[in-house]
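**Student:** The following block contains the structure, expressed as structure tokens.
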Amino acid sequence: MNSFCYIDSPIGRLLLTCDGSALTGLYMEPEQTRTTAGWVKDASAAPLAAAARQLAEYFAGSRREFDLALRPEGTVFQTRVWGELTKIPYGRTWSYGDLAKRIGKPGAPRAVGLANGRNPLSIVVPCHRVIGADGSLTGYGGGLPRKRWLLAHEATHSSEGLDFQISGRVTVNTAPPPSERLAAIAVPP
């Protein structure tokens with residue numbers, strides 16, 4: 001049975017959807033049109049409850065990887081891109097070109113960008129960790145302020161050090177102390 005629930009988060013209200021056995025979507029406001037007739041609002045559905053718990057841990061800084069059953073709907077190419085997104089380490093970023101090379105399509109960074117933009121499982125499948133070739137922040141379905149917040153959050157809780165700064169440029173990892181990491185990044189209210 002298709003179920004959904006809403007959870008509050010530091011980046012706004014999130015809509016979670018599932019098919020009864022796996023998480024099928026994680027959307028940020030204003031994506032309220034994702035649920036359809038016949039869906040049941042049920043935060044106790046196992047995939048939704050597990051996702052809500054793990055997202056709370058992620059936002060608290062105690063979870064770096066998700067362990068959830070996922071069932072995103074997309075083309076073969078899209079699902080290949082989304083699978084590779086899950087390999088981007090917490091607190092790190094890759095460019096669209098890097099991602100295209102990793103799936104064996106080095107000439108397809110734009111196609112990778114389109115697939116990235118259609119990711120139905122944001123945060124869990126970390127499309128926010130993909131940036132432009134020059135290190136700049138590029139489009140994000142949840143909006144650039146949320147993308148900036150997610151990257152800053154991960155940099156703050158990462159032992160890898162900071163590879164993202166307010167300008168959106170990738171910098172050399174100098175691993176400043178955690179107290180200095182947050183000071184170098186503007187986090188939206």
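Chains: A, B, ... in order of the structure tokens. Residues: from 1 per chain. Ligands: from 1, in order shown.
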Based on the backbone DSSP call, show me all residues of range 5-125 of chain A assigned strand (DSSP E), as a list of chain:residue names.

**Tutor:**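 Residues meeting the strand (DSSP E) criterion: A:Cys5, A:Tyr6, A:Ile7, A:Leu14, A:Leu15, A:Leu16, A:Thr17, A:Cys18, A:Leu23, A:Thr24, A:Gly25, A:Leu26, A:Tyr27, A:Met28, A:Val40, A:Lys41, A:Trp94, A:Ser95.
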
**Student:** Produce a file of the selected residues containing N, CA and C atoms, as a PDB file, in the first residue's frame.

**Tutor:**
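What landed in part-v3.pdb:
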ATOM      1  N   CYS A   5       4.092  10.324   4.808  1.00  0.00           N
ATOM      2  CA  CYS A   5       4.069  11.088   6.044  1.00  0.00           C
ATOM      3  C   CYS A   5       4.918  12.335   5.848  1.00  0.00           C
ATOM      4  N   TYR A   6       4.776  13.250   6.754  1.00  0.00           N
ATOM      5  CA  TYR A   6       5.585  14.461   6.764  1.00  0.00           C
ATOM      6  C   TYR A   6       6.444  14.454   8.014  1.00  0.00           C
ATOM      7  N   ILE A   7       7.661  14.953   7.879  1.00  0.00           N
ATOM      8  CA  ILE A   7       8.498  15.156   9.057  1.00  0.00           C
ATOM      9  C   ILE A   7       9.077  16.555   8.991  1.00  0.00           C
ATOM     10  N   LEU A  14       9.545  17.811   5.264  1.00  0.00           N
ATOM     11  CA  LEU A  14       9.874  16.815   4.254  1.00  0.00           C
ATOM     12  C   LEU A  14       8.701  15.853   4.081  1.00  0.00           C
ATOM     13  N   LEU A  15       8.444  15.477   2.842  1.00  0.00           N
ATOM     14  CA  LEU A  15       7.424  14.495   2.518  1.00  0.00           C
ATOM     15  C   LEU A  15       8.126  13.181   2.200  1.00  0.00           C
ATOM     16  N   LEU A  16       7.780  12.124   2.924  1.00  0.00           N
ATOM     17  CA  LEU A  16       8.320  10.784   2.693  1.00  0.00           C
ATOM     18  C   LEU A  16       7.210   9.925   2.101  1.00  0.00           C
ATOM     19  N   THR A  17       7.559   9.111   1.086  1.00  0.00           N
ATOM     20  CA  THR A  17       6.585   8.204   0.488  1.00  0.00           C
ATOM     21  C   THR A  17       7.164   6.794   0.440  1.00  0.00           C
ATOM     22  N   CYS A  18       6.270   5.803   0.486  1.00  0.00           N
ATOM     23  CA  CYS A  18       6.718   4.411   0.402  1.00  0.00           C
ATOM     24  C   CYS A  18       5.647   3.564  -0.262  1.00  0.00           C
ATOM     25  N   LEU A  23      11.207   2.773   0.713  1.00  0.00           N
ATOM     26  CA  LEU A  23      11.044   4.213   0.556  1.00  0.00           C
ATOM     27  C   LEU A  23      11.073   4.525  -0.940  1.00  0.00           C
ATOM     28  N   THR A  24      10.096   5.275  -1.421  1.00  0.00           N
ATOM     29  CA  THR A  24      10.024   5.616  -2.845  1.00  0.00           C
ATOM     30  C   THR A  24      10.266   7.092  -3.116  1.00  0.00           C
ATOM     31  N   GLY A  25      10.174   7.924  -2.079  1.00  0.00           N
ATOM     32  CA  GLY A  25      10.388   9.347  -2.293  1.00  0.00           C
ATOM     33  C   GLY A  25      10.695  10.095  -1.016  1.00  0.00           C
ATOM     34  N   LEU A  26      11.493  11.142  -1.161  1.00  0.00           N
ATOM     35  CA  LEU A  26      11.780  12.087  -0.083  1.00  0.00           C
ATOM     36  C   LEU A  26      11.822  13.453  -0.763  1.00  0.00           C
ATOM     37  N   TYR A  27      10.809  14.253  -0.493  1.00  0.00           N
ATOM     38  CA  TYR A  27      10.641  15.531  -1.186  1.00  0.00           C
ATOM     39  C   TYR A  27      10.611  16.680  -0.192  1.00  0.00           C
ATOM     40  N   MET A  28      11.123  17.810  -0.631  1.00  0.00           N
ATOM     41  CA  MET A  28      11.127  19.023   0.179  1.00  0.00           C
ATOM     42  C   MET A  28       9.967  19.908  -0.252  1.00  0.00           C
ATOM     43  N   VAL A  40      -2.255   6.538   1.698  1.00  0.00           N
ATOM     44  CA  VAL A  40      -2.638   6.592   3.101  1.00  0.00           C
ATOM     45  C   VAL A  40      -1.561   7.343   3.889  1.00  0.00           C
ATOM     46  N   LYS A  41      -2.010   8.286   4.701  1.00  0.00           N
ATOM     47  CA  LYS A  41      -1.066   8.980   5.579  1.00  0.00           C
ATOM     48  C   LYS A  41      -0.835   8.069   6.780  1.00  0.00           C
ATOM     49  N   TRP A  94      31.426  15.803  -5.560  1.00  0.00           N
ATOM     50  CA  TRP A  94      31.920  15.436  -6.879  1.00  0.00           C
ATOM     51  C   TRP A  94      31.284  16.387  -7.873  1.00  0.00           C
ATOM     52  N   SER A  95      31.920  16.569  -9.014  1.00  0.00           N
ATOM     53  CA  SER A  95      31.319  17.363 -10.079  1.00  0.00           C
ATOM     54  C   SER A  95      30.434  16.454 -10.937  1.00  0.00           C
TER      55      SER A  95
END

**Student:** Within 8 Å of Ile131 in chain A, counting only C-alpha atoms, which residues qualify if same-chain residues fewer than 3 places away don't, as number ranges by chain?

**Tutor:** A: 93-96, 128, 135-138

**Student:** Quick one: pull the distance between CA of Gly61 in chain A and CA of Leu144 in chain A, Å, one decimal.

**Tutor:** 20.7 Å

**Student:** Kindly indicate which residue among A:Thr75, A:Asn2, A:Ser159, A:Asn116 lies nearest to Leu48 in chain A, using only C-alpha atoms for the distances.

**Tutor:**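 Closest candidate: A:Asn2.
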
**Student:** Excluding Glu154 in chain A and residues on its chain fewer than 4 positions from it, collect all residues at most 7 Å away from it, counting only C-alpha atoms, and give them as a VMD selection string.

**Tutor:** chain A and resid 90 to 91 150 158

**Student:** Pull C-alpha atoms from the residues just selected and write them as a CSV table (one decimal), in the first residue's frame.

**Tutor:**
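Result file follows (again.csv):
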chain,number,residue,atom,x,y,z
A,90,TYR,CA,29.7,12.1,3.5
A,91,GLY,CA,31.1,15.6,3.6
A,150,LEU,CA,23.3,20.3,3.7
A,158,SER,CA,32.8,15.3,8.9

**Student:** Need the shell around Gly97 in chain A: protein/DNA/RNA residues with any atom at most 12 Å away, counting only C-alpha atoms. Skip same-chain ones fewer than 5 positions apart. Format as a list in words?

**Tutor:**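 What passes the distance filter is Val81, Arg102, Ile103, Gly104, Lys105, Pro106, Gly107, Ala108, Pro109, Arg110, Ala111, Val112, Gly113, Val130, Ile131, Gly132, Ala133, Asp134 and Gly135 of chain A.
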
**Student:** Using only C-alpha atoms, which protein or nucleic acid residues come within 10 Å of Arg118 in chain A? Drop anything in the same chain fewer than 2 positions from it, and give the result as a list in words.

**Tutor:**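 Close residues of Arg118 in chain A: Glu73, Gly74, Gln78, Trp82, Val112, Gly113, Leu114, Ala115, Asn116, Pro120, Leu121, Ser122, Cys127, Tyr140 and Gly141 of chain A.
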
**Student:** Identify, with DSSP run on backbone atoms, the residues in chain A assigned to alpha helix (DSSP H), and express the list as an MDAnalysis selection string.

**Tutor:** chainID A and resid 46:60 76:85 96:102 109:117 144:157 178:183

**Student:** Would you mind reading off the distance between CA of Arg64 in chain A and CA of Val76 in chain A, one decimal, in Å?

**Tutor:**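 Between these atoms lies a distance of 26.7 Å.
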
**Student:** How many Å lie between CA of His153 in chain A and CA of Ala49 in chain A, rounded to one decimal?

**Tutor:**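 For CA of His153 in chain A relative to CA of Ala49 in chain A, the distance reads 22.8 Å.
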
**Student:** Excluding Lys87 in chain A and any residue of its chain fewer than 5 positions from it, enumerate the residues within 10 Å of it, using only C-alpha atoms, and give them as a ChimeraX atom specification.

**Tutor:** /A:65,82,99,125-126

**Student:** Residues as selected, C-alpha atoms, written as a CSV table (one decimal), in the first residue's frame, can you do that?

**Tutor:**
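Final output, part-v4.csv:
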chain,number,residue,atom,x,y,z
A,65,GLU,CA,25.1,6.7,5.7
A,82,TRP,CA,21.3,7.5,-8.5
A,99,LEU,CA,29.9,11.4,-11.8
A,125,VAL,CA,20.5,9.5,-2.3
A,126,PRO,CA,22.8,12.5,-1.8

**Student:** Compare A:Met1, A:Arg129, A:Asn119, A:Asp8 by their minimum atom-to-atom distance to Trp149 in chain A, counting only C-alpha atoms, and give me the closest one.

**Tutor:**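 The closest residue to Trp149 in chain A is A:Arg129.
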
**Student:** Calculated over only C-alpha atoms, which of the candidates A:Gly38, A:Gly117, A:Pro72, A:Ile123 has the smallest distance to Thr86 in chain A?

**Tutor:** A:Ile123
